[in-house]
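Let me begin by presenting the structure, written as structure tokens, before commenting on it.
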Amino acid sequence: MATTYKKLIATKLTTDFRDAAELVEETIPELKPHEVLIRNVYAGINATDVNITAGRYQPGAKPPIELGAEAAGIVEEVGSEVRHLAPGDAVVTSTLGGGYREYNVVRASNALPVDEPSPEALSIMVSGLTASIALEEVGDMSSGETVLVTAAAGGTGQYAVQLAKRAGNHVIGTCGSERKMELLDKLGCDHPINYNEEDVGDVLQREYPSGVNLVYEGVGGELFDTCVDALARYGRLLSIGYVSEYKTGAEKVSSERIYTKLLPKSASIRGFFLPHYAESFAEHMTRLMKLVQSGALHVSIDETVFEGIDAIPDAVEYLHTGESRGKVVVKL
């Protein structure tokens with residue numbers, strides 16, 4: 001077995017991932033009793049990677065910063081107190097800094113067993129869990145509602161569209177290309193909107209004059225404002241990110257305070273940060289995996305191939321072009 005491994009760290013604070021990332025080699029540490037050693041097979045790419053290299057993800061973060069989050073891999077070794085995992089088991093993990101490395105040591109309780117270390121299982125770990133937990137536990141999603149999903153053809157948007165449909169809702173999805181519109185049709189989205197061809201605000205005002213009950217919003221900027229304006233009475237907006245402003249930083253705006261738009265509708269904005277809901281991971285992961293295995297839930301993996309830890313900066317930049325469709329992964 002290997003005694004050293006390679007990983008990516010950020011050596012400076014910048015939203016330029018390639019400029020920040022440096023490949024280093026370290027010795028694989030000895031396991032503590034409740035830990036497992038995992039050989040990562042796939043790593044998931046996330047838009048917020050540039051927030052991590054900029055030091056925004058954890059207040060006060062200073063270089064060197066460990067990079068990457070979710071990974072799918074194979075257990076190579078287990079600590080003396082580990083009973084539910086054994087060498088050869090397939091697992092997925094989500095730990096800050098645990099993704100962009102060849103080997104990872106984590107507490108056994110943070111490694112969730114799966115059938116195989118596949119891109120699909122990897123996709124569920126962060127993208128699927130974000131949609132499932134946010135919609136159900138924070139967004140109070142019910143049935144018979146109108147649900148709007150922004151970046152609907154992306155890594156997590158694809159799950160939000162399908163889960164909202166499965167719950168018996170009418171789903172609107174925004175995206176930026178005809179190719180992504182095709183994916184949304186495949187996922188069962190009732191009303192895909194290509195924001196490069198139509199004005200989203202105009203479409204919502206015309207087609208949904210009573211407003212939208214629930215918004216799953218990860219783009220930010222002007223689209224966020226449009227979604228707030230479109231909220232129905234008692235509407236809820238889930239803010240899961242603001243990818244349009246990750247590289248530049250959140251734009252400073254001068255406008256009426258947000259309560260002037262929320263109070264007349266008894267509407268609300270609810271932020272969602274996945275690590276705060278770790279106690280819900282296992283339940284939602286099990287449920288999502290069963291849906292995928294039964295064919296009831298489709299997982300779209302972007303077709304662009306990235307292989308090797310050296311390819312991670314390429315994959316991050318590709319994700320931020322807006323051309324990706326589904327989850328972007330790197331095979332390690």
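To be explicit about the labels: the chains of the structure tokens are called A, B, and onward in the order shown, and within each one the residues are counted from 1, while ligands get numbers from 1 in the order they are shown.
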
Backbone DSSP call of helix (DSSP H, G or I) for region 79-160 of chain A, listed as a list in words:
Ala108, Ser109, Asn110, Pro119, Glu120, Ala121, Leu122, Ser123, Ile124, Met125, Val126, Ser127, Gly128, Leu129, Thr130, Ala131, Ser132, Ile133, Ala134, Leu135, Glu136, Glu137, Val138, Gly157, Gln158, Tyr159 and Ala160 of chain A

Put those residues in a file: N, CA, C and O atoms, as a compact mmCIF listing (two decimals), in the first residue's frame.
# COMPACT_ATOMS: atom_id res chain seq x y z
N ALA A 108 -14.85 7.13 11.03
CA ALA A 108 -15.66 6.13 10.34
C ALA A 108 -17.11 6.56 10.22
O ALA A 108 -17.79 6.22 9.25
N SER A 109 -17.59 7.31 11.20
CA SER A 109 -18.99 7.75 11.17
C SER A 109 -19.26 8.73 10.04
O SER A 109 -20.42 8.96 9.68
N ASN A 110 -18.21 9.32 9.47
CA ASN A 110 -18.36 10.27 8.37
C ASN A 110 -18.25 9.62 6.99
O ASN A 110 -18.29 10.32 5.98
N PRO A 119 -19.66 7.87 -9.86
CA PRO A 119 -19.99 9.31 -9.96
C PRO A 119 -21.39 9.61 -9.47
O PRO A 119 -21.65 10.67 -8.90
N GLU A 120 -22.32 8.66 -9.68
CA GLU A 120 -23.70 8.87 -9.24
C GLU A 120 -23.79 8.94 -7.72
O GLU A 120 -24.47 9.82 -7.17
N ALA A 121 -23.13 8.01 -7.04
CA ALA A 121 -23.14 8.04 -5.58
C ALA A 121 -22.46 9.30 -5.06
O ALA A 121 -22.91 9.91 -4.09
N LEU A 122 -21.39 9.70 -5.72
CA LEU A 122 -20.68 10.93 -5.36
C LEU A 122 -21.61 12.13 -5.51
O LEU A 122 -21.65 13.02 -4.64
N SER A 123 -22.37 12.17 -6.59
CA SER A 123 -23.26 13.29 -6.85
C SER A 123 -24.30 13.45 -5.75
O SER A 123 -24.64 14.56 -5.36
N ILE A 124 -24.80 12.34 -5.26
CA ILE A 124 -25.82 12.39 -4.22
C ILE A 124 -25.26 13.00 -2.94
O ILE A 124 -25.97 13.72 -2.22
N MET A 125 -23.98 12.76 -2.64
CA MET A 125 -23.42 13.10 -1.35
C MET A 125 -23.56 14.58 -1.00
O MET A 125 -23.85 14.94 0.12
N VAL A 126 -23.34 15.48 -1.94
CA VAL A 126 -23.51 16.90 -1.66
C VAL A 126 -24.67 17.48 -2.46
O VAL A 126 -25.59 18.09 -1.90
N SER A 127 -24.67 17.27 -3.76
CA SER A 127 -25.70 17.88 -4.60
C SER A 127 -27.08 17.34 -4.28
O SER A 127 -28.04 18.11 -4.15
N GLY A 128 -27.19 16.03 -4.14
CA GLY A 128 -28.48 15.43 -3.82
C GLY A 128 -28.95 15.77 -2.41
O GLY A 128 -30.12 16.10 -2.19
N LEU A 129 -28.04 15.67 -1.46
CA LEU A 129 -28.40 15.98 -0.08
C LEU A 129 -28.82 17.43 0.08
O LEU A 129 -29.75 17.75 0.83
N THR A 130 -28.13 18.34 -0.62
CA THR A 130 -28.50 19.75 -0.53
C THR A 130 -29.95 19.95 -0.96
O THR A 130 -30.73 20.62 -0.28
N ALA A 131 -30.31 19.38 -2.10
CA ALA A 131 -31.68 19.54 -2.60
C ALA A 131 -32.69 18.89 -1.67
O ALA A 131 -33.72 19.49 -1.31
N SER A 132 -32.43 17.66 -1.27
CA SER A 132 -33.39 16.91 -0.47
C SER A 132 -33.62 17.54 0.90
O SER A 132 -34.77 17.77 1.32
N ILE A 133 -32.54 17.85 1.60
CA ILE A 133 -32.67 18.41 2.94
C ILE A 133 -33.22 19.83 2.89
O ILE A 133 -34.09 20.21 3.68
N ALA A 134 -32.72 20.63 1.96
CA ALA A 134 -33.17 22.02 1.87
C ALA A 134 -34.66 22.10 1.56
O ALA A 134 -35.41 22.84 2.21
N LEU A 135 -35.11 21.35 0.57
CA LEU A 135 -36.52 21.41 0.18
C LEU A 135 -37.43 20.92 1.28
O LEU A 135 -38.47 21.53 1.58
N GLU A 136 -37.07 19.81 1.91
CA GLU A 136 -37.97 19.19 2.88
C GLU A 136 -37.88 19.81 4.26
O GLU A 136 -38.91 20.11 4.88
N GLU A 137 -36.68 19.99 4.77
CA GLU A 137 -36.53 20.39 6.16
C GLU A 137 -36.48 21.90 6.36
O GLU A 137 -36.80 22.39 7.44
N VAL A 138 -36.06 22.63 5.34
CA VAL A 138 -35.97 24.09 5.47
C VAL A 138 -37.04 24.79 4.64
O VAL A 138 -37.64 25.77 5.07
N GLY A 157 -29.41 21.40 -8.93
CA GLY A 157 -30.70 21.76 -9.50
C GLY A 157 -31.43 20.58 -10.09
O GLY A 157 -32.67 20.49 -9.99
N GLN A 158 -30.70 19.65 -10.70
CA GLN A 158 -31.34 18.47 -11.30
C GLN A 158 -32.10 17.66 -10.25
O GLN A 158 -33.17 17.11 -10.54
N TYR A 159 -31.56 17.60 -9.03
CA TYR A 159 -32.25 16.88 -7.96
C TYR A 159 -33.47 17.66 -7.49
O TYR A 159 -34.54 17.08 -7.25
N ALA A 160 -33.33 18.97 -7.36
CA ALA A 160 -34.45 19.79 -6.88
C ALA A 160 -35.64 19.68 -7.82
O ALA A 160 -36.79 19.57 -7.37

Of A:Leu223, A:Leu291, A:Val36, A:Val50, the one sitting nearest Gly88 (chain A) when using only C-alpha atoms is A:Val36

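The residue set within 12 Å of Arg83 (chain A), counting only C-alpha atoms and dropping same-chain residues fewer than 4 places from it, reads Pro33, His34, Glu35, Val36, Glu77, Val78, Gly79, Pro87, Ala108 and Ser109 of chain A.
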
Those selected residues, please, written with all heavy atoms and delivered as a PDB file, in the first residue's frame.
ATOM      1  N   PRO A  33      -8.172   4.962  16.535  1.00  0.00           N
ATOM      2  CA  PRO A  33      -9.095   3.821  16.667  1.00  0.00           C
ATOM      3  C   PRO A  33     -10.407   3.953  15.898  1.00  0.00           C
ATOM      4  O   PRO A  33     -10.933   2.954  15.398  1.00  0.00           O
ATOM      5  CB  PRO A  33      -9.343   3.745  18.175  1.00  0.00           C
ATOM      6  CG  PRO A  33      -8.085   4.284  18.779  1.00  0.00           C
ATOM      7  CD  PRO A  33      -7.651   5.386  17.848  1.00  0.00           C
ATOM      8  N   HIS A  34     -10.969   5.168  15.777  1.00  0.00           N
ATOM      9  CA  HIS A  34     -12.276   5.331  15.138  1.00  0.00           C
ATOM     10  C   HIS A  34     -12.171   5.902  13.726  1.00  0.00           C
ATOM     11  O   HIS A  34     -13.164   6.389  13.181  1.00  0.00           O
ATOM     12  CB  HIS A  34     -13.164   6.230  16.000  1.00  0.00           C
ATOM     13  CG  HIS A  34     -13.533   5.632  17.319  1.00  0.00           C
ATOM     14  ND1 HIS A  34     -14.537   4.691  17.448  1.00  0.00           N
ATOM     15  CD2 HIS A  34     -13.017   5.813  18.560  1.00  0.00           C
ATOM     16  CE1 HIS A  34     -14.639   4.328  18.714  1.00  0.00           C
ATOM     17  NE2 HIS A  34     -13.735   4.994  19.413  1.00  0.00           N
ATOM     18  N   GLU A  35     -11.016   5.798  13.115  1.00  0.00           N
ATOM     19  CA  GLU A  35     -10.816   6.362  11.784  1.00  0.00           C
ATOM     20  C   GLU A  35     -10.687   5.276  10.718  1.00  0.00           C
ATOM     21  O   GLU A  35     -10.408   4.108  11.019  1.00  0.00           O
ATOM     22  CB  GLU A  35      -9.566   7.244  11.763  1.00  0.00           C
ATOM     23  CG  GLU A  35      -9.693   8.509  12.588  1.00  0.00           C
ATOM     24  CD  GLU A  35      -8.430   9.362  12.543  1.00  0.00           C
ATOM     25  OE1 GLU A  35      -7.338   8.788  12.311  1.00  0.00           O
ATOM     26  OE2 GLU A  35      -8.533  10.581  12.758  1.00  0.00           O
ATOM     27  N   VAL A  36     -10.874   5.707   9.468  1.00  0.00           N
ATOM     28  CA  VAL A  36     -10.664   4.819   8.320  1.00  0.00           C
ATOM     29  C   VAL A  36      -9.823   5.549   7.285  1.00  0.00           C
ATOM     30  O   VAL A  36      -9.881   6.772   7.162  1.00  0.00           O
ATOM     31  CB  VAL A  36     -11.997   4.371   7.673  1.00  0.00           C
ATOM     32  CG1 VAL A  36     -12.786   3.482   8.606  1.00  0.00           C
ATOM     33  CG2 VAL A  36     -12.823   5.567   7.236  1.00  0.00           C
ATOM     34  N   GLU A  77      -8.080   0.766   4.939  1.00  0.00           N
ATOM     35  CA  GLU A  77      -7.671   0.332   6.282  1.00  0.00           C
ATOM     36  C   GLU A  77      -8.655   0.906   7.290  1.00  0.00           C
ATOM     37  O   GLU A  77      -9.207   1.997   7.082  1.00  0.00           O
ATOM     38  CB  GLU A  77      -6.250   0.833   6.575  1.00  0.00           C
ATOM     39  CG  GLU A  77      -5.652   0.338   7.878  1.00  0.00           C
ATOM     40  CD  GLU A  77      -4.239   0.868   8.088  1.00  0.00           C
ATOM     41  OE1 GLU A  77      -3.649   1.393   7.114  1.00  0.00           O
ATOM     42  OE2 GLU A  77      -3.741   0.766   9.226  1.00  0.00           O
ATOM     43  N   VAL A  78      -8.904   0.177   8.367  1.00  0.00           N
ATOM     44  CA  VAL A  78      -9.821   0.659   9.405  1.00  0.00           C
ATOM     45  C   VAL A  78      -9.122   0.667  10.758  1.00  0.00           C
ATOM     46  O   VAL A  78      -8.230  -0.143  11.020  1.00  0.00           O
ATOM     47  CB  VAL A  78     -11.101  -0.209   9.486  1.00  0.00           C
ATOM     48  CG1 VAL A  78     -11.825  -0.213   8.146  1.00  0.00           C
ATOM     49  CG2 VAL A  78     -10.783  -1.628   9.923  1.00  0.00           C
ATOM     50  N   GLY A  79      -9.546   1.603  11.623  1.00  0.00           N
ATOM     51  CA  GLY A  79      -9.001   1.680  12.972  1.00  0.00           C
ATOM     52  C   GLY A  79      -9.487   0.533  13.840  1.00  0.00           C
ATOM     53  O   GLY A  79     -10.448  -0.170  13.496  1.00  0.00           O
ATOM     54  N   PRO A  87     -11.915  -3.151   4.989  1.00  0.00           N
ATOM     55  CA  PRO A  87     -11.171  -2.897   3.750  1.00  0.00           C
ATOM     56  C   PRO A  87     -11.903  -3.468   2.543  1.00  0.00           C
ATOM     57  O   PRO A  87     -12.428  -4.584   2.587  1.00  0.00           O
ATOM     58  CB  PRO A  87      -9.837  -3.617   4.002  1.00  0.00           C
ATOM     59  CG  PRO A  87      -9.663  -3.550   5.493  1.00  0.00           C
ATOM     60  CD  PRO A  87     -11.054  -3.736   6.038  1.00  0.00           C
ATOM     61  N   ALA A 108     -14.850   7.134  11.030  1.00  0.00           N
ATOM     62  CA  ALA A 108     -15.656   6.126  10.343  1.00  0.00           C
ATOM     63  C   ALA A 108     -17.110   6.556  10.223  1.00  0.00           C
ATOM     64  O   ALA A 108     -17.793   6.219   9.252  1.00  0.00           O
ATOM     65  CB  ALA A 108     -15.546   4.794  11.064  1.00  0.00           C
ATOM     66  N   SER A 109     -17.593   7.311  11.196  1.00  0.00           N
ATOM     67  CA  SER A 109     -18.988   7.750  11.167  1.00  0.00           C
ATOM     68  C   SER A 109     -19.259   8.732  10.039  1.00  0.00           C
ATOM     69  O   SER A 109     -20.418   8.965   9.676  1.00  0.00           O
ATOM     70  CB  SER A 109     -19.366   8.396  12.501  1.00  0.00           C
ATOM     71  OG  SER A 109     -18.508   9.496  12.787  1.00  0.00           O
TER      72      SER A 109
END

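Across A:Arg101, A:Ala311, A:Pro64, A:Arg107, the tightest approach to Glu81 (chain A) is made by A:Arg107 when counting only C-alpha atoms.
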
Quick one: residues within 12 Å of Val147 (chain A), only C-alpha atoms counted, chain neighbours fewer than 6 positions away excluded, as a compact mmCIF listing (two decimals) with all heavy atoms, in the first residue's frame?
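The resulting file, around.txt, is shown below:
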# COMPACT_ATOMS: atom_id res chain seq x y z
N LEU A 135 -35.11 21.35 0.57
CA LEU A 135 -36.52 21.41 0.18
C LEU A 135 -37.43 20.92 1.28
O LEU A 135 -38.47 21.53 1.58
CB LEU A 135 -36.75 20.59 -1.09
CG LEU A 135 -36.20 21.18 -2.39
CD1 LEU A 135 -36.31 20.15 -3.52
CD2 LEU A 135 -36.91 22.46 -2.78
N GLY A 139 -37.32 24.28 3.46
CA GLY A 139 -38.30 24.90 2.58
C GLY A 139 -39.73 24.48 2.83
O GLY A 139 -40.65 25.06 2.25
N ASP A 140 -39.93 23.48 3.70
CA ASP A 140 -41.28 23.00 4.00
C ASP A 140 -42.06 22.68 2.73
O ASP A 140 -43.23 23.03 2.59
CB ASP A 140 -42.06 24.03 4.84
CG ASP A 140 -41.42 24.27 6.20
OD1 ASP A 140 -40.90 23.32 6.79
OD2 ASP A 140 -41.43 25.43 6.66
N MET A 141 -41.42 22.01 1.81
CA MET A 141 -42.07 21.67 0.54
C MET A 141 -43.25 20.74 0.79
O MET A 141 -43.15 19.76 1.52
CB MET A 141 -41.07 21.00 -0.41
CG MET A 141 -41.67 20.64 -1.76
SD MET A 141 -40.43 20.01 -2.92
CE MET A 141 -40.00 18.42 -2.15
N GLY A 157 -29.41 21.40 -8.93
CA GLY A 157 -30.70 21.76 -9.50
C GLY A 157 -31.43 20.58 -10.09
O GLY A 157 -32.67 20.49 -9.99
N ALA A 160 -33.33 18.97 -7.36
CA ALA A 160 -34.45 19.79 -6.88
C ALA A 160 -35.64 19.68 -7.82
O ALA A 160 -36.79 19.57 -7.37
CB ALA A 160 -34.00 21.25 -6.74
N VAL A 161 -35.38 19.70 -9.13
CA VAL A 161 -36.47 19.56 -10.10
C VAL A 161 -37.21 18.24 -9.89
O VAL A 161 -38.45 18.20 -9.79
CB VAL A 161 -35.91 19.63 -11.54
CG1 VAL A 161 -36.97 19.17 -12.55
CG2 VAL A 161 -35.45 21.04 -11.87
N GLN A 162 -36.47 17.16 -9.80
CA GLN A 162 -37.11 15.84 -9.72
C GLN A 162 -37.80 15.61 -8.38
O GLN A 162 -38.90 15.04 -8.32
CB GLN A 162 -36.06 14.76 -9.95
CG GLN A 162 -35.49 14.76 -11.36
CD GLN A 162 -34.41 13.71 -11.53
OE1 GLN A 162 -34.68 12.55 -11.84
NE2 GLN A 162 -33.16 14.13 -11.35
N LEU A 163 -37.19 16.07 -7.30
CA LEU A 163 -37.80 15.87 -5.99
C LEU A 163 -39.07 16.70 -5.85
O LEU A 163 -40.05 16.26 -5.24
CB LEU A 163 -36.79 16.21 -4.89
CG LEU A 163 -35.59 15.28 -4.79
CD1 LEU A 163 -34.59 15.80 -3.76
CD2 LEU A 163 -36.03 13.85 -4.44
N ALA A 164 -39.05 17.91 -6.40
CA ALA A 164 -40.25 18.74 -6.36
C ALA A 164 -41.37 18.12 -7.19
O ALA A 164 -42.55 18.16 -6.79
CB ALA A 164 -39.93 20.15 -6.86
N LYS A 165 -41.03 17.54 -8.34
CA LYS A 165 -42.03 16.86 -9.16
C LYS A 165 -42.59 15.63 -8.44
O LYS A 165 -43.79 15.38 -8.46
CB LYS A 165 -41.43 16.45 -10.51
CG LYS A 165 -41.39 17.53 -11.54
CD LYS A 165 -42.78 18.01 -11.93
CE LYS A 165 -43.60 16.93 -12.63
NZ LYS A 165 -44.96 17.45 -13.00
N ARG A 166 -41.71 14.85 -7.83
CA ARG A 166 -42.14 13.65 -7.13
C ARG A 166 -43.09 13.98 -5.98
O ARG A 166 -43.94 13.17 -5.62
CB ARG A 166 -40.93 12.88 -6.57
CG ARG A 166 -40.16 12.08 -7.60
CD ARG A 166 -39.07 11.24 -6.94
NE ARG A 166 -39.64 10.35 -5.94
CZ ARG A 166 -40.24 9.19 -6.19
NH1 ARG A 166 -40.37 8.77 -7.45
NH2 ARG A 166 -40.72 8.45 -5.21
N ALA A 167 -42.93 15.18 -5.43
CA ALA A 167 -43.79 15.61 -4.33
C ALA A 167 -45.15 16.12 -4.83
O ALA A 167 -46.02 16.47 -4.02
CB ALA A 167 -43.09 16.70 -3.50
N GLY A 168 -45.33 16.16 -6.15
CA GLY A 168 -46.61 16.56 -6.70
C GLY A 168 -46.74 18.05 -6.96
O GLY A 168 -47.84 18.61 -6.85
N ASN A 169 -45.65 18.68 -7.36
CA ASN A 169 -45.66 20.12 -7.61
C ASN A 169 -45.48 20.44 -9.09
O ASN A 169 -44.98 19.63 -9.87
CB ASN A 169 -44.54 20.79 -6.80
CG ASN A 169 -44.77 20.66 -5.31
OD1 ASN A 169 -45.76 21.14 -4.78
ND2 ASN A 169 -43.84 19.99 -4.63
N HIS A 170 -45.85 21.65 -9.45
CA HIS A 170 -45.57 22.20 -10.78
C HIS A 170 -44.21 22.86 -10.72
O HIS A 170 -43.98 23.75 -9.87
CB HIS A 170 -46.64 23.22 -11.18
CG HIS A 170 -46.38 23.88 -12.49
ND1 HIS A 170 -46.86 23.38 -13.69
CD2 HIS A 170 -45.68 25.01 -12.81
CE1 HIS A 170 -46.48 24.17 -14.68
NE2 HIS A 170 -45.77 25.16 -14.18
N VAL A 171 -43.28 22.45 -11.59
CA VAL A 171 -41.89 22.90 -11.47
C VAL A 171 -41.47 23.75 -12.67
O VAL A 171 -41.63 23.35 -13.82
CB VAL A 171 -40.93 21.70 -11.33
CG1 VAL A 171 -39.48 22.18 -11.18
CG2 VAL A 171 -41.32 20.85 -10.13
N ILE A 172 -40.91 24.92 -12.35
CA ILE A 172 -40.31 25.82 -13.33
C ILE A 172 -38.80 25.71 -13.15
O ILE A 172 -38.32 25.68 -12.01
CB ILE A 172 -40.74 27.28 -13.09
CG1 ILE A 172 -42.25 27.38 -12.94
CG2 ILE A 172 -40.22 28.19 -14.19
CD1 ILE A 172 -42.70 28.67 -12.26
N GLY A 173 -38.05 25.67 -14.23
CA GLY A 173 -36.60 25.59 -14.12
C GLY A 173 -35.91 26.56 -15.05
O GLY A 173 -36.27 26.66 -16.22
N THR A 174 -34.91 27.30 -14.54
CA THR A 174 -34.15 28.20 -15.40
C THR A 174 -32.81 27.57 -15.77
O THR A 174 -32.21 26.83 -14.99
CB THR A 174 -33.89 29.57 -14.73
OG1 THR A 174 -32.95 29.41 -13.66
CG2 THR A 174 -35.18 30.16 -14.20
N CYS A 189 -39.34 18.58 -15.93
CA CYS A 189 -39.62 19.97 -15.59
C CYS A 189 -40.81 20.47 -16.42
O CYS A 189 -40.84 20.32 -17.63
CB CYS A 189 -38.38 20.83 -15.86
SG CYS A 189 -38.56 22.56 -15.42
N ASP A 190 -41.80 21.05 -15.75
CA ASP A 190 -43.02 21.48 -16.43
C ASP A 190 -42.79 22.69 -17.33
O ASP A 190 -43.39 22.79 -18.40
CB ASP A 190 -44.10 21.82 -15.40
CG ASP A 190 -44.52 20.62 -14.60
OD1 ASP A 190 -45.13 19.70 -15.17
OD2 ASP A 190 -44.21 20.58 -13.39
N HIS A 191 -41.94 23.62 -16.90
CA HIS A 191 -41.75 24.85 -17.66
C HIS A 191 -40.29 25.29 -17.61
O HIS A 191 -39.90 26.11 -16.79
CB HIS A 191 -42.65 25.97 -17.11
CG HIS A 191 -42.71 27.16 -18.00
ND1 HIS A 191 -43.73 28.09 -17.94
CD2 HIS A 191 -41.89 27.61 -19.01
CE1 HIS A 191 -43.53 29.03 -18.84
NE2 HIS A 191 -42.42 28.76 -19.48
N PRO A 192 -39.45 24.74 -18.50
CA PRO A 192 -38.06 25.20 -18.58
C PRO A 192 -38.01 26.60 -19.19
O PRO A 192 -38.76 26.91 -20.11
CB PRO A 192 -37.39 24.18 -19.51
CG PRO A 192 -38.34 23.02 -19.59
CD PRO A 192 -39.70 23.61 -19.40
N LEU A 204 -42.43 34.93 -15.66
CA LEU A 204 -43.10 34.64 -14.40
C LEU A 204 -44.32 35.54 -14.19
O LEU A 204 -45.37 35.07 -13.73
CB LEU A 204 -42.11 34.81 -13.23
CG LEU A 204 -40.94 33.82 -13.20
CD1 LEU A 204 -39.98 34.16 -12.07
CD2 LEU A 204 -41.44 32.38 -13.06
N TYR A 208 -47.39 33.21 -14.36
CA TYR A 208 -47.69 32.87 -12.97
C TYR A 208 -48.05 34.14 -12.19
O TYR A 208 -47.33 34.55 -11.28
CB TYR A 208 -46.49 32.15 -12.33
CG TYR A 208 -46.08 30.92 -13.10
CD1 TYR A 208 -45.08 30.99 -14.08
CD2 TYR A 208 -46.70 29.70 -12.88
CE1 TYR A 208 -44.72 29.87 -14.81
CE2 TYR A 208 -46.35 28.57 -13.60
CZ TYR A 208 -45.35 28.66 -14.57
OH TYR A 208 -45.01 27.55 -15.28
N GLY A 211 -47.93 34.18 -8.44
CA GLY A 211 -46.63 34.03 -7.80
C GLY A 211 -46.18 32.59 -7.66
O GLY A 211 -46.89 31.64 -8.03
N VAL A 212 -45.01 32.44 -7.11
CA VAL A 212 -44.35 31.15 -6.91
C VAL A 212 -44.31 30.84 -5.42
O VAL A 212 -43.94 31.68 -4.61
CB VAL A 212 -42.93 31.17 -7.50
CG1 VAL A 212 -42.18 29.89 -7.19
CG2 VAL A 212 -42.97 31.42 -9.00
N ASN A 213 -44.67 29.61 -5.08
CA ASN A 213 -44.74 29.25 -3.66
C ASN A 213 -43.38 28.96 -3.03
O ASN A 213 -43.13 29.31 -1.87
CB ASN A 213 -45.63 28.02 -3.48
CG ASN A 213 -47.01 28.20 -4.06
OD1 ASN A 213 -47.35 27.58 -5.06
ND2 ASN A 213 -47.81 29.08 -3.46
N LEU A 214 -42.50 28.32 -3.79
CA LEU A 214 -41.20 27.92 -3.25
C LEU A 214 -40.13 28.09 -4.32
O LEU A 214 -40.34 27.67 -5.46
CB LEU A 214 -41.24 26.46 -2.78
CG LEU A 214 -39.95 25.85 -2.23
CD1 LEU A 214 -39.47 26.61 -0.98
CD2 LEU A 214 -40.16 24.37 -1.89
N VAL A 215 -39.02 28.72 -3.96
CA VAL A 215 -37.91 28.93 -4.89
C VAL A 215 -36.66 28.25 -4.33
O VAL A 215 -36.32 28.45 -3.15
CB VAL A 215 -37.62 30.43 -5.11
CG1 VAL A 215 -36.47 30.60 -6.12
CG2 VAL A 215 -38.86 31.16 -5.59
N TYR A 216 -36.00 27.47 -5.17
CA TYR A 216 -34.71 26.85 -4.84
C TYR A 216 -33.67 27.63 -5.62
O TYR A 216 -33.51 27.45 -6.83
CB TYR A 216 -34.74 25.38 -5.25
CG TYR A 216 -33.53 24.56 -4.86
CD1 TYR A 216 -33.41 24.04 -3.58
CD2 TYR A 216 -32.53 24.29 -5.78
CE1 TYR A 216 -32.31 23.27 -3.22
CE2 TYR A 216 -31.43 23.52 -5.44
CZ TYR A 216 -31.33 23.01 -4.15
OH TYR A 216 -30.24 22.25 -3.80
N GLU A 217 -32.96 28.55 -4.95
CA GLU A 217 -32.19 29.57 -5.65
C GLU A 217 -30.69 29.48 -5.32
O GLU A 217 -30.29 29.59 -4.17
CB GLU A 217 -32.71 30.95 -5.25
CG GLU A 217 -32.60 32.00 -6.32
CD GLU A 217 -31.18 32.37 -6.71
OE1 GLU A 217 -30.49 33.00 -5.87
OE2 GLU A 217 -30.75 32.03 -7.84
N CYS A 227 -36.53 36.48 -8.37
CA CYS A 227 -37.23 35.43 -7.63
C CYS A 227 -37.96 35.99 -6.41
O CYS A 227 -39.07 35.56 -6.09
CB CYS A 227 -36.23 34.35 -7.18
SG CYS A 227 -35.53 33.38 -8.53
N ALA A 230 -41.11 37.48 -7.47
CA ALA A 230 -42.08 36.50 -7.95
C ALA A 230 -42.73 35.69 -6.83
O ALA A 230 -43.63 34.89 -7.10
CB ALA A 230 -41.40 35.54 -8.93
N LEU A 231 -42.30 35.86 -5.59
CA LEU A 231 -42.86 35.08 -4.50
C LEU A 231 -44.35 35.34 -4.32
O LEU A 231 -44.82 36.48 -4.38
CB LEU A 231 -42.13 35.40 -3.18
CG LEU A 231 -40.73 34.81 -3.02
CD1 LEU A 231 -40.07 35.36 -1.76
CD2 LEU A 231 -40.78 33.28 -2.96
N ALA A 232 -45.08 34.28 -4.07
CA ALA A 232 -46.51 34.38 -3.79
C ALA A 232 -46.72 34.70 -2.31
O ALA A 232 -45.76 34.74 -1.53
CB ALA A 232 -47.20 33.06 -4.14
N GLY A 235 -44.92 32.77 0.33
CA GLY A 235 -43.85 32.13 -0.43
C GLY A 235 -42.56 32.03 0.35
O GLY A 235 -42.27 32.84 1.23
N ARG A 236 -41.75 31.00 0.01
CA ARG A 236 -40.46 30.79 0.67
C ARG A 236 -39.37 30.72 -0.39
O ARG A 236 -39.53 30.04 -1.41
CB ARG A 236 -40.45 29.46 1.46
CG ARG A 236 -41.43 29.40 2.61
CD ARG A 236 -42.75 28.78 2.18
NE ARG A 236 -42.60 27.37 1.81
CZ ARG A 236 -43.44 26.73 1.00
NH1 ARG A 236 -44.48 27.35 0.45
NH2 ARG A 236 -43.24 25.44 0.72
N LEU A 237 -38.30 31.42 -0.15
CA LEU A 237 -37.14 31.36 -1.05
C LEU A 237 -35.98 30.73 -0.31
O LEU A 237 -35.54 31.24 0.73
CB LEU A 237 -36.76 32.76 -1.55
CG LEU A 237 -35.65 32.80 -2.62
CD1 LEU A 237 -35.84 34.02 -3.54
CD2 LEU A 237 -34.24 32.86 -2.02
N LEU A 238 -35.50 29.62 -0.84
CA LEU A 238 -34.33 28.93 -0.28
C LEU A 238 -33.08 29.46 -0.97
O LEU A 238 -32.91 29.28 -2.18
CB LEU A 238 -34.43 27.43 -0.52
CG LEU A 238 -35.37 26.63 0.38
CD1 LEU A 238 -35.62 25.26 -0.21
CD2 LEU A 238 -34.80 26.52 1.78

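Among the candidate residues A:Gly155, A:Pro275, A:Gly249, A:Gly326, the one lying nearest to Gly218 (chain A) is A:Gly155, with distances computed using only C-alpha atoms.
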
Do a neighbour search on Met181 (chain A) at 7 Å with only C-alpha atoms, toss out local chain neighbours closer than 4 positions, and write the hits as an MDAnalysis selection string. chainID A and resid 175 177 185 192 194

Quiz prompt | DSSP strand (DSSP E) residues within region 14-224 of chain A, as an NGL selection string | solution = :A and (21-27 or 35-44 or 65-66 or 70-78 or 90-94 or 103-107 or 111-114 or 146-149 or 170-175 or 191-194 or 212-217)
